[in-house]
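Undergrad: Structure below; questions to follow.
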Amino acid sequence: MHSELPRYEELQQRTAEATREAEVRRALELGTGTGETARRVLAVHPAARLIGLDESPPMLERARDVLEPGRIEELRVARLQDPLPEGPFDLVFSALAVHHLHAAGKRDLFRRVRAALDPAGLFVLADVVVPADPEDVVTPIEDGYDLPDRADDQVAWLGEAGFDAEVVWSWKDCAVIAARPRLGAAAGP
């Protein structure tokens with residue numbers, strides 16, 4: 001990842017930092033991969049337990065090797081399109097996974113995240129996005145596999161799902177978005 005994403009370390013740091021204001025006992029990670037993001041987020045939230053989802057069993061095995069066993073509620077083989085584990089969660093987070101979904105899949109995922117999140121919870125999304133300036137594309141994209149969208153579109157879709165969302169960090173074609181359930185907004189289906 002370091003060679004493909006020049007500011008990978010900063011993206012990871014900003015993702016964990018964006019979760020700092022949440023009080024987290026139970027967290028859900030979408031796209032756990034090798035456990036790098038989970039390791040950093042759990043360090044910020046010493047009382048949190050994690051459910052991690054990833055479609056790759058070998059990646060989850062690597063995550064199991066780096067994460068503290070007592071901090072894991074479950075590491076589950078699942079796709080982002082699959083039903084989410086039963087909530088509520090104080091925190092849902094994802095780094096470098098959601099860009100694999102088409103726009104409609106992202107919108108559906110955001111509604112399902114809102115339904116699984118505690119009303120006082122937080123959703124942090126860190127991902128590759130389509131930048132306003134084409135010169136800012138620095139992350140290699142594989143056609144048909146990588147399907148990034150603009151950050152402002154994702155903020156709008158999060159709004160449709162019942163969140164108040166904002167970009168809290170961005171650099172070229174990467175962004176971190178923090179989203180809190182909107183008071184009085186119903187959770188999605």
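Each chain of the structure tokens is named A, B, ... in the order shown, its residues numbered from 1; ligands are numbered from 1 in display order.
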Write out as a list in words the residues lying within 12 Å of Glu74 (chain A), counting only C-alpha atoms and excluding same-chain residues fewer than 2 positions away.

TA: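 Using only C-alpha atoms, the neighbours found are Arg26, Ala27, Leu28, Glu29, Thr32, Arg49, Leu50, Ile51, Gly52, Leu53, Asp54, Leu60, Glu61, Ala63, Arg64, Leu67, Glu68, Pro69, Gly70, Arg71, Ile72, Arg76, Val77, Ala78 and Pro85 of chain A.
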
Undergrad: Any chance you could list, as a PyMOL selection string, the residues in chain A that come up helix (DSSP H, G or I) when DSSP is run on the backbone?

TA: chain A and resi 8-18+36-44+57-66+69-71+98-100+103-116+134-136+151-160

Undergrad: As a ChimeraX atom specification, list the residues of region 31-171 of chain A assigned to strand (DSSP E) by DSSP on the backbone atoms of this structure.

TA: /A:49-54,72-77,89-95,117-128,163-171

Undergrad: Write the residues of the preceding selection, restricted to C-alpha atoms, as a PDB file, in the first residue's frame.

TA:
```pdb
ATOM      1  CA  ARG A  49     -14.078  -4.705  21.105  1.00  0.00           C
ATOM      2  CA  LEU A  50     -14.068  -5.262  17.351  1.00  0.00           C
ATOM      3  CA  ILE A  51     -16.102  -7.111  14.800  1.00  0.00           C
ATOM      4  CA  GLY A  52     -14.146  -7.059  11.557  1.00  0.00           C
ATOM      5  CA  LEU A  53     -15.456  -7.995   8.116  1.00  0.00           C
ATOM      6  CA  ASP A  54     -13.438  -8.850   5.031  1.00  0.00           C
ATOM      7  CA  ILE A  72     -11.757  -9.174  18.965  1.00  0.00           C
ATOM      8  CA  GLU A  73     -15.421 -10.072  19.230  1.00  0.00           C
ATOM      9  CA  GLU A  74     -15.347 -11.658  15.773  1.00  0.00           C
ATOM     10  CA  LEU A  75     -13.484 -11.583  12.472  1.00  0.00           C
ATOM     11  CA  ARG A  76     -15.988 -12.619   9.807  1.00  0.00           C
ATOM     12  CA  VAL A  77     -15.621 -13.469   6.132  1.00  0.00           C
ATOM     13  CA  PHE A  89     -22.233  -0.212  17.237  1.00  0.00           C
ATOM     14  CA  ASP A  90     -20.666   2.870  18.799  1.00  0.00           C
ATOM     15  CA  LEU A  91     -18.302   3.138  15.849  1.00  0.00           C
ATOM     16  CA  VAL A  92     -18.294   1.826  12.286  1.00  0.00           C
ATOM     17  CA  PHE A  93     -15.143   2.516  10.284  1.00  0.00           C
ATOM     18  CA  SER A  94     -13.627   1.587   6.968  1.00  0.00           C
ATOM     19  CA  ALA A  95     -10.357   2.404   5.220  1.00  0.00           C
ATOM     20  CA  LEU A 117     -25.074   2.429  14.398  1.00  0.00           C
ATOM     21  CA  ASP A 118     -26.041   3.632  17.842  1.00  0.00           C
ATOM     22  CA  PRO A 119     -27.857   7.014  17.636  1.00  0.00           C
ATOM     23  CA  ALA A 120     -24.866   8.596  19.408  1.00  0.00           C
ATOM     24  CA  GLY A 121     -22.364   6.664  17.279  1.00  0.00           C
ATOM     25  CA  LEU A 122     -19.887   7.608  14.572  1.00  0.00           C
ATOM     26  CA  PHE A 123     -19.086   6.351  11.069  1.00  0.00           C
ATOM     27  CA  VAL A 124     -15.607   7.104   9.712  1.00  0.00           C
ATOM     28  CA  LEU A 125     -14.926   6.431   6.045  1.00  0.00           C
ATOM     29  CA  ALA A 126     -11.389   6.760   4.686  1.00  0.00           C
ATOM     30  CA  ASP A 127     -10.969   6.006   1.031  1.00  0.00           C
ATOM     31  CA  VAL A 128      -9.815   6.781  -2.463  1.00  0.00           C
ATOM     32  CA  PHE A 163     -26.100  11.316   8.700  1.00  0.00           C
ATOM     33  CA  ASP A 164     -24.511  14.693   9.194  1.00  0.00           C
ATOM     34  CA  ALA A 165     -21.217  14.151   7.388  1.00  0.00           C
ATOM     35  CA  GLU A 166     -18.124  16.177   6.630  1.00  0.00           C
ATOM     36  CA  VAL A 167     -14.717  15.670   5.067  1.00  0.00           C
ATOM     37  CA  VAL A 168     -12.276  15.969   7.967  1.00  0.00           C
ATOM     38  CA  TRP A 169      -9.107  15.400   5.920  1.00  0.00           C
ATOM     39  CA  SER A 170      -8.230  15.129   2.249  1.00  0.00           C
ATOM     40  CA  TRP A 171      -5.163  14.962   0.084  1.00  0.00           C
TER      41      TRP A 171
END
```

Undergrad: Tell me which protein, DNA and RNA residues are within 10 Å of Arg111 (chain A), counting only C-alpha atoms, leaving out same-chain ones fewer than 3 positions away, and put them as number ranges by chain.

TA: A: 105-108, 114-116, 157-163, 187-189

Undergrad: Could you tell me how far CA of Ala43 (chain A) sits from CA of Asp152 (chain A), in Å to one decimal place?

TA: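 Distance reported for this atom pair: 29.4 Å.
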
Undergrad: Please measure the separation of CA of Glu55 (chain A) and CA of Gly31 (chain A), giving the value in Å to one decimal.

TA: 7.5 Å

Undergrad: One decimal, Å: what's the distance from CA of Arg14 (chain A) over to CA of His99 (chain A), could you say?

TA: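 Going from CA of Arg14 (chain A) over to CA of His99 (chain A), I get 17.8 Å.
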
Undergrad: Quick one: of A:Ala156, A:Ala175, A:Leu96, A:Leu101, who's nearest to Val130 (chain A), counting only C-alpha atoms?

TA: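 That would be A:Ala175, the residue with the smallest distance to Val130 (chain A).
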
Undergrad: Determine, counting only C-alpha atoms, which protein, DNA and RNA residues have an atom within 10 Å of an atom of region 140-143 of chain A; residues of the same chain fewer than 6 positions away are not included. Present the result as a PyMOL selection string.

TA: chain A and resi 3-5+100+128

Undergrad: Could those residues be written to a file, using N, CA and C atoms, as a PDB file, in the first residue's frame?

TA:
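Below you can see result.pdb, which holds the result:
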```
ATOM      1  N   SER A   3       3.564   1.954  -1.541  1.00  0.00           N
ATOM      2  CA  SER A   3       4.021   2.357  -2.869  1.00  0.00           C
ATOM      3  C   SER A   3       2.866   2.884  -3.721  1.00  0.00           C
ATOM      4  N   GLU A   4       1.657   2.373  -3.507  1.00  0.00           N
ATOM      5  CA  GLU A   4       0.515   2.810  -4.299  1.00  0.00           C
ATOM      6  C   GLU A   4      -0.126   4.081  -3.754  1.00  0.00           C
ATOM      7  N   LEU A   5       0.006   4.322  -2.474  1.00  0.00           N
ATOM      8  CA  LEU A   5      -0.634   5.464  -1.828  1.00  0.00           C
ATOM      9  C   LEU A   5       0.430   6.221  -1.029  1.00  0.00           C
ATOM     10  N   HIS A 100     -14.640  -0.034  -3.672  1.00  0.00           N
ATOM     11  CA  HIS A 100     -14.883  -1.181  -4.554  1.00  0.00           C
ATOM     12  C   HIS A 100     -16.359  -1.327  -4.905  1.00  0.00           C
ATOM     13  N   VAL A 128     -10.191   6.150  -1.205  1.00  0.00           N
ATOM     14  CA  VAL A 128      -9.815   6.781  -2.463  1.00  0.00           C
ATOM     15  C   VAL A 128     -11.080   7.422  -3.022  1.00  0.00           C
TER      16      VAL A 128
END
```

Undergrad: Have a look at A:Leu183, A:Ala103, A:Val176, A:Val113 and name the one nearest to Asp146 (chain A); count only C-alpha atoms.

TA: A:Ala103

Undergrad: Using only C-alpha atoms, which of A:Pro181, A:Glu17, A:Gln12, A:Glu23 sits nearest Glu36 (chain A)?

TA: A:Gln12

Undergrad: Pick from A:Gln13, A:Gln154, A:Thr139, A:Thr34: nearest to Val98 (chain A), with only C-alpha atoms counted?

TA: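 The answer is A:Gln154, which sits nearest to Val98 (chain A).
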